[in-house]
>>> print(open('target_23.csv').read())   # CSV, C-alpha atoms
chain,number,residue,atom,x,y,z
A,1,MET,CA,-46.3,6.5,-25.7
A,2,LYS,CA,-42.9,8.1,-26.3
A,3,ALA,CA,-39.6,8.0,-24.5
A,4,LEU,CA,-36.7,10.4,-24.9
A,5,ILE,CA,-33.4,8.7,-24.2
A,6,SER,CA,-30.1,10.6,-23.7
A,7,ASN,CA,-26.9,10.3,-21.8
A,8,ASP,CA,-23.5,11.9,-21.2
A,9,ASP,CA,-21.3,9.1,-22.6
A,10,GLY,CA,-22.2,9.9,-26.2
A,11,ILE,CA,-24.4,8.6,-28.9
A,12,THR,CA,-22.1,5.6,-29.6
A,13,ALA,CA,-21.9,4.4,-26.0
A,14,SER,CA,-23.0,0.8,-25.3
A,15,GLY,CA,-25.2,2.0,-22.4
A,16,ILE,CA,-27.5,4.1,-24.5
A,17,LEU,CA,-28.3,1.2,-26.8
A,18,ALA,CA,-28.9,-1.1,-23.8
A,19,CYS,CA,-31.3,1.6,-22.5
A,20,LYS,CA,-33.2,1.6,-25.8
A,21,LYS,CA,-33.4,-2.2,-25.9
A,22,ALA,CA,-34.8,-2.3,-22.4
A,23,VAL,CA,-37.8,-0.1,-23.1
A,24,GLU,CA,-38.4,-0.2,-26.9
A,25,ASP,CA,-41.3,-2.7,-26.5
A,26,LEU,CA,-42.9,-0.4,-24.0
A,27,CYS,CA,-42.9,2.8,-26.1
A,28,GLU,CA,-41.6,4.6,-29.1
A,29,THR,CA,-38.0,5.7,-28.5
A,30,TYR,CA,-36.1,8.8,-29.5
A,31,ILE,CA,-32.4,8.7,-29.0
A,32,VAL,CA,-30.9,12.2,-28.8
A,33,ALA,CA,-27.4,12.4,-27.2
A,34,PRO,CA,-24.1,14.2,-27.3
A,35,GLU,CA,-21.9,13.4,-30.2
A,36,LEU,CA,-18.9,12.9,-27.9
A,37,GLN,CA,-18.2,11.9,-24.3
A,38,GLN,CA,-19.4,14.6,-21.9
A,39,SER,CA,-19.0,13.0,-18.5
A,40,GLY,CA,-18.6,15.5,-15.6
A,41,ILE,CA,-20.1,18.4,-17.5
A,42,GLY,CA,-23.2,18.6,-15.3
A,43,HIS,CA,-26.1,20.8,-16.4
A,44,ALA,CA,-24.0,23.0,-18.7
A,45,LEU,CA,-25.7,24.7,-21.7
A,46,THR,CA,-23.8,25.8,-24.8
A,47,LEU,CA,-24.4,29.5,-25.4
A,48,TYR,CA,-21.3,30.8,-27.2
A,49,GLU,CA,-21.1,28.6,-30.3
A,50,PRO,CA,-23.5,27.0,-32.7
A,51,LEU,CA,-24.8,23.5,-32.3
A,52,ARG,CA,-25.5,20.9,-35.0
A,53,ILE,CA,-27.8,17.9,-35.1
A,54,ASN,CA,-26.5,14.9,-37.1
A,55,GLU,CA,-28.5,11.8,-37.8
A,56,HIS,CA,-26.8,8.7,-36.5
A,57,THR,CA,-27.3,5.1,-37.2
A,58,LEU,CA,-27.1,3.0,-34.1
A,59,LYS,CA,-25.5,-0.4,-33.9
A,60,ASP,CA,-29.0,-2.0,-34.2
A,61,LYS,CA,-29.6,0.0,-37.4
A,62,SER,CA,-32.1,2.3,-35.8
A,63,LYS,CA,-31.9,6.1,-36.1
A,64,GLY,CA,-30.7,8.4,-33.5
A,65,TYR,CA,-29.6,12.1,-33.3
A,66,ALA,CA,-26.1,13.2,-32.3
A,67,VAL,CA,-25.8,16.7,-30.9
A,68,THR,CA,-22.5,18.6,-31.0
A,69,GLY,CA,-22.8,19.8,-27.4
A,70,THR,CA,-23.7,18.8,-23.8
A,71,PRO,CA,-26.3,16.5,-22.5
A,72,THR,CA,-28.5,19.5,-21.6
A,73,ASP,CA,-28.1,20.8,-25.2
A,74,ALA,CA,-29.2,17.3,-26.5
A,75,VAL,CA,-32.3,17.3,-24.3
A,76,THR,CA,-33.2,20.9,-25.2
A,77,LEU,CA,-32.9,20.2,-28.9
A,78,ALA,CA,-34.8,17.0,-28.6
A,79,LEU,CA,-37.8,18.7,-26.9
A,80,PHE,CA,-37.9,21.9,-28.9
A,81,GLU,CA,-36.6,20.8,-32.4
A,82,ILE,CA,-36.7,17.0,-32.9
A,83,MET,CA,-39.8,15.8,-31.2
A,84,ASP,CA,-43.3,17.0,-32.1
A,85,GLU,CA,-44.7,16.5,-28.6
A,86,LYS,CA,-43.5,16.1,-25.0
A,87,PRO,CA,-42.4,12.5,-24.2
A,88,ASP,CA,-44.2,10.4,-21.6
A,89,ILE,CA,-40.9,9.5,-20.0
A,90,MET,CA,-37.3,10.6,-20.2
A,91,ILE,CA,-34.4,8.2,-19.4
A,92,SER,CA,-30.8,9.3,-19.1
A,93,GLY,CA,-28.3,6.4,-19.3
A,94,ILE,CA,-27.4,3.7,-18.9
A,95,ASN,CA,-24.3,5.5,-17.6
A,96,THR,CA,-20.9,3.7,-17.4
A,97,GLY,CA,-20.1,4.2,-13.7
A,98,PHE,CA,-22.3,5.0,-10.8
A,99,ASN,CA,-23.7,8.4,-9.8
A,100,ILE,CA,-24.2,8.6,-6.1
A,101,GLY,CA,-23.8,11.2,-3.3
A,102,LYS,CA,-24.7,14.8,-2.8
A,103,ALA,CA,-21.4,16.4,-4.0
A,104,GLU,CA,-21.4,14.8,-7.4
A,105,LEU,CA,-25.1,15.1,-8.1
A,106,THR,CA,-24.7,18.4,-10.1
A,107,THR,CA,-21.4,17.5,-11.8
A,108,SER,CA,-22.9,14.4,-13.5
A,109,GLY,CA,-23.8,14.9,-17.1
A,110,THR,CA,-26.2,12.0,-16.7
A,111,LEU,CA,-28.1,13.9,-14.0
A,112,GLY,CA,-27.7,17.2,-16.0
A,113,ALA,CA,-29.7,15.7,-18.9
A,114,ALA,CA,-32.3,14.3,-16.4
A,115,ILE,CA,-32.7,17.6,-14.6
A,116,GLU,CA,-33.3,19.4,-17.9
A,117,ALA,CA,-36.1,17.0,-18.9
A,118,ALA,CA,-37.6,17.0,-15.4
A,119,SER,CA,-37.7,20.8,-15.3
A,120,PHE,CA,-40.4,20.5,-18.0
A,121,GLY,CA,-42.5,18.2,-16.0
A,122,ILE,CA,-41.4,15.0,-17.7
A,123,PRO,CA,-41.2,11.9,-15.5
A,124,THR,CA,-37.5,11.1,-15.6
A,125,ILE,CA,-35.2,8.2,-14.7
A,126,ALA,CA,-31.4,8.6,-14.5
A,127,ILE,CA,-29.7,5.2,-14.4
A,128,SER,CA,-26.1,4.3,-13.9
A,129,GLN,CA,-24.1,1.1,-13.5
A,130,GLU,CA,-21.2,0.6,-11.2
A,131,VAL,CA,-17.9,-0.1,-13.2
A,132,THR,CA,-14.7,-1.0,-11.4
A,133,ARG,CA,-12.5,-0.7,-14.4
A,134,ASP,CA,-11.4,3.0,-14.5
A,135,ASP,CA,-9.9,2.7,-18.0
A,136,ILE,CA,-13.3,2.4,-19.6
A,137,LYS,CA,-15.4,5.0,-17.6
A,138,PHE,CA,-14.7,8.0,-19.7
A,139,GLU,CA,-14.0,6.6,-23.2
A,140,ASN,CA,-16.0,7.3,-26.3
A,141,GLY,CA,-17.9,4.5,-28.1
A,142,GLU,CA,-18.6,0.9,-27.2
A,143,ASN,CA,-17.3,-0.9,-24.2
A,144,GLN,CA,-17.4,-4.4,-22.8
A,145,VAL,CA,-19.7,-3.7,-19.9
A,146,ASP,CA,-22.6,-6.1,-19.5
A,147,PHE,CA,-25.7,-3.9,-19.1
A,148,SER,CA,-28.3,-6.7,-19.2
A,149,PHE,CA,-29.1,-6.7,-15.5
A,150,ALA,CA,-29.4,-2.9,-15.5
A,151,GLY,CA,-31.6,-3.1,-18.5
A,152,LYS,CA,-33.9,-5.6,-16.7
A,153,MET,CA,-34.2,-3.3,-13.7
A,154,LEU,CA,-34.8,-0.3,-15.9
A,155,LYS,CA,-37.6,-2.0,-17.8
A,156,LYS,CA,-39.3,-3.0,-14.5
A,157,LEU,CA,-39.2,0.6,-13.3
A,158,ALA,CA,-40.1,2.2,-16.6
A,159,LYS,CA,-43.3,0.1,-16.7
A,160,ILE,CA,-44.4,1.6,-13.4
A,161,VAL,CA,-43.5,5.1,-14.4
A,162,LEU,CA,-45.3,4.9,-17.7
A,163,LYS,CA,-48.4,3.5,-15.9
A,164,LYS,CA,-48.4,5.8,-12.8
A,165,GLY,CA,-46.1,8.7,-13.5
A,166,LEU,CA,-44.0,9.8,-10.5
A,167,PRO,CA,-45.3,10.4,-7.0
A,168,GLU,CA,-46.2,14.0,-6.1
A,169,GLY,CA,-43.1,16.1,-5.4
A,170,ILE,CA,-40.6,13.7,-7.0
A,171,ASP,CA,-39.0,14.8,-10.3
A,172,ILE,CA,-36.3,12.3,-11.0
A,173,LEU,CA,-35.6,8.7,-9.9
A,174,ASN,CA,-31.8,8.3,-9.6
A,175,VAL,CA,-31.0,4.6,-10.1
A,176,ASN,CA,-27.7,3.0,-9.4
A,177,VAL,CA,-27.0,-0.7,-10.3
A,178,PRO,CA,-24.1,-2.6,-8.7
A,179,GLU,CA,-21.6,-4.5,-10.9
A,180,ASN,CA,-22.4,-7.8,-9.1
A,181,PRO,CA,-25.9,-7.5,-7.8
A,182,SER,CA,-27.0,-9.5,-4.8
A,183,ASP,CA,-30.7,-9.7,-5.9
A,184,ASP,CA,-33.1,-8.1,-8.3
A,185,GLU,CA,-34.9,-5.8,-5.8
A,186,PHE,CA,-34.8,-2.1,-5.5
A,187,GLU,CA,-33.7,-0.4,-2.3
A,188,ILE,CA,-34.9,3.2,-1.7
A,189,ALA,CA,-32.0,5.2,-0.4
A,190,HIS,CA,-31.0,8.7,0.5
A,191,LEU,CA,-27.9,10.3,-1.0
A,192,SER,CA,-24.5,9.6,0.4
A,193,GLU,CA,-22.2,12.5,1.3
A,194,ARG,CA,-19.8,12.0,-1.6
A,195,MET,CA,-18.9,9.6,-4.4
A,196,TYR,CA,-15.2,10.5,-4.5
A,197,VAL,CA,-12.6,12.3,-2.4
A,198,PRO,CA,-10.7,14.6,-4.8
A,199,VAL,CA,-7.0,13.8,-5.5
A,200,ILE,CA,-4.9,16.4,-7.2
A,201,ASP,CA,-2.0,15.1,-9.4
A,202,ARG,CA,0.5,17.9,-9.9
A,203,ARG,CA,3.0,17.4,-12.7
A,204,LEU,CA,5.5,19.5,-14.6
A,205,ASP,CA,5.5,20.3,-18.3
A,206,PRO,CA,8.7,20.2,-20.4
A,207,ARG,CA,9.3,23.8,-19.5
A,208,GLY,CA,9.1,23.1,-15.7
A,209,LYS,CA,5.7,24.8,-15.3
A,210,PRO,CA,3.1,22.9,-13.2
A,211,TYR,CA,-0.1,21.5,-14.5
A,212,TYR,CA,-2.8,19.4,-12.7
A,213,TRP,CA,-5.1,16.4,-13.2
A,214,ILE,CA,-8.2,16.2,-10.9
A,215,GLY,CA,-8.9,12.6,-10.0
A,216,GLY,CA,-10.4,10.9,-6.9
A,217,GLU,CA,-10.5,8.0,-4.6
A,218,PRO,CA,-13.8,6.3,-3.7
A,219,TYR,CA,-15.5,7.8,-0.7
A,220,GLU,CA,-15.8,5.0,1.9
A,221,SER,CA,-17.8,6.5,4.9
A,222,HIS,CA,-21.2,5.7,3.6
A,223,LYS,CA,-24.0,5.7,6.2
A,224,PRO,CA,-26.5,2.9,6.5
A,225,GLY,CA,-29.5,3.7,4.3
A,226,SER,CA,-27.5,5.7,1.8
A,227,ASP,CA,-27.1,4.9,-1.9
A,228,GLY,CA,-23.4,4.3,-1.3
A,229,HIS,CA,-24.0,1.9,1.5
A,230,TYR,CA,-26.6,-0.2,-0.4
A,231,LEU,CA,-24.7,-0.1,-3.7
A,232,ARG,CA,-21.0,-0.5,-2.6
A,233,LYS,CA,-21.4,-2.5,0.7
A,234,LEU,CA,-24.5,-4.6,0.0
A,235,GLN,CA,-24.5,-4.8,-3.8
A,236,LYS,CA,-28.1,-3.6,-4.0
A,237,THR,CA,-29.8,-1.6,-6.8
A,238,THR,CA,-30.8,1.8,-5.4
A,239,ILE,CA,-33.5,4.3,-6.2
A,240,THR,CA,-33.1,7.8,-4.8
A,241,PRO,CA,-36.0,10.2,-5.3
A,242,ILE,CA,-34.8,13.6,-6.4
A,243,LYS,CA,-36.6,17.0,-6.2
A,244,ILE,CA,-35.1,19.7,-8.4
A,245,ASP,CA,-36.6,22.5,-6.4
A,246,GLN,CA,-33.8,23.0,-3.8
A,247,THR,CA,-35.6,25.8,-1.9
A,248,ASN,CA,-35.2,25.1,1.8
A,249,ASP,CA,-37.1,26.4,4.8
A,250,VAL,CA,-37.9,30.1,4.0
A,251,ASP,CA,-39.5,30.7,7.5
A,252,SER,CA,-36.2,29.7,9.2
A,253,LEU,CA,-34.3,32.1,7.0
A,254,ARG,CA,-36.8,34.9,7.9
A,255,GLU,CA,-36.3,34.2,11.5
A,256,TRP,CA,-32.5,34.0,11.1
A,257,LEU,CA,-32.5,37.4,9.4
A,258,GLY,CA,-34.5,38.8,12.3
>>> encode(input="target_23.csv", output="structure tokens")
Amino acid sequence: MKALISNDDGITASGILACKKAVEDLCETYIVAPELQQSGIGHALTLYEPLRINEHTLKDKSKGYAVTGTPTDAVTLALFEIMDEKPDIMISGINTGFNIGKAELTTSGTLGAAIEAASFGIPTIAISQEVTRDDIKFENGENQVDFSFAGKMLKKLAKIVLKKGLPEGIDILNVNVPENPSDDEFEIAHLSERMYVPVIDRRLDPRGKPYYWIGGEPYESHKPGSDGHYLRKLQKTTITPIKIDQTNDVDSLREWLG
């Protein structure tokens, strides 16, 4: 069996190596990821400049492939250039920082890679770990995050997916692991409203012209049963089933149009 592993933190990120270590005794692993940090780029595809694939030696001396583009680019090139057959599972992560909530679902590069793989019918897991240190969330390369618990939970889930596939109608399992877990069980959760509330930092350049940084404060109004509530309030590992077909009730629309 074969697994495609990608991310949005880049080929040198500690989380992608932790992901590989978690599942490498379950299946053959292919690491294909962006060459550089791509957090927040969502499901973007590079169309106006060429892409390159560079072989990369991971810290454990195994081979990976670095793509000079987005997470979606990496998955596309993995499926149609690097791998000779469709993988049995795709894993995106382990991301440095959680990915919860409706609003951020399509901005996450972790989910962007997962959506691309899932659109081809590949059972897919997107996995992210809560990190409270903002200074390491968007950096290139290694960090000091301990991904061992997230790796254990990923292995447990990947075994089930490799054996059973995903349930009918589910394309992606979006998994979020707390920084200080209260137990080693999964909680099935629906999406929170948001992950962050935007904060705009307006500054002036040396010529007096304004420029802006988009940041955010953590969203706190998480409803019981949501991924944010389980993760942030109860320190539980969450699984949210994601369906990439976002078509809603067509009959209601027909009735509304009259």
>>> residues_around(input="target_23.csv", residues="Asn143 in chain A", least_positions_apart="2", cutoff="9 Å", atoms="all atoms listed in the file", output="list of chain:residue names")
A:Ala13, A:Ser14, A:Gly15, A:Thr96, A:Ile136, A:Glu139, A:Asn140, A:Gly141, A:Val145, A:Asp146
>>> write_last_selection(input="target_23.csv", atoms="C-alpha atoms", output="compact mmCIF listing (two decimals), in the frame of the given file")
# COMPACT_ATOMS: atom_id res chain seq x y z
CA ALA A 13 -21.90 4.40 -26.00
CA SER A 14 -23.00 0.80 -25.30
CA GLY A 15 -25.20 2.00 -22.40
CA THR A 96 -20.90 3.70 -17.40
CA ILE A 136 -13.30 2.40 -19.60
CA GLU A 139 -14.00 6.60 -23.20
CA ASN A 140 -16.00 7.30 -26.30
CA GLY A 141 -17.90 4.50 -28.10
CA VAL A 145 -19.70 -3.70 -19.90
CA ASP A 146 -22.60 -6.10 -19.50
>>> residues_around(input="target_23.csv", residues="Pro178 in chain A", least_positions_apart="4", cutoff="6 Å", atoms="all atoms listed in the file", output="list in words")
Glu130, Leu231 and Gln235 of chain A
>>> closest_residue(input="target_23.csv", among="A:Ile188, A:Lys156, A:Ala114, A:Gly101", to="Glu220 in chain A", atoms="only C-alpha atoms")
A:Gly101
>>> residues_near_point(input="target_23.csv", point="(-25.4, 5.4, -17.9)", cutoff="12 Å", atoms="all atoms listed in the file", output="ChimeraX atom specification")
/A:5-11,13-20,33,37-39,91-99,108-111,113-114,125-131,137-138,145-147,150-151,154,174-177
>>> closest_residue(input="target_23.csv", among="A:Ile41, A:Ile31, A:Leu77, A:Met83", to="Ile53 in chain A", atoms="only C-alpha atoms")
A:Leu77
>>> atom_distance(input="target_23.csv", atom1="CA of Asp227 in chain A", atom2="CA of Ser148 in chain A")
20.9 Å
>>> closest_atom_pairs(input="target_23.csv", of="range 47-141 of chain A", to="range 237-258 of chain A", cutoff="9 Å", atoms="only C-alpha atoms", output="tab-separated table")
residue	atom	partner	partner_atom	distance
A:Ile115	CA	A:Ile244	CA	7.0
A:Ala118	CA	A:Ile244	CA	7.9
A:Ser119	CA	A:Ile244	CA	7.5
>>> atom_distance(input="target_23.csv", atom1="CA of Trp213 in chain A", atom2="CA of Thr107 in chain A")
16.4 Å
>>> closest_residue(input="target_23.csv", among="A:Leu26, A:Pro206, A:Val32, A:Glu193", to="Gly225 in chain A", atoms="all atoms listed in the file")
A:Glu193
>>> closest_residue(input="target_23.csv", among="A:Ala3, A:Asn180, A:Pro71, A:Lys61", to="Ala22 in chain A", atoms="only C-alpha atoms")
A:Ala3
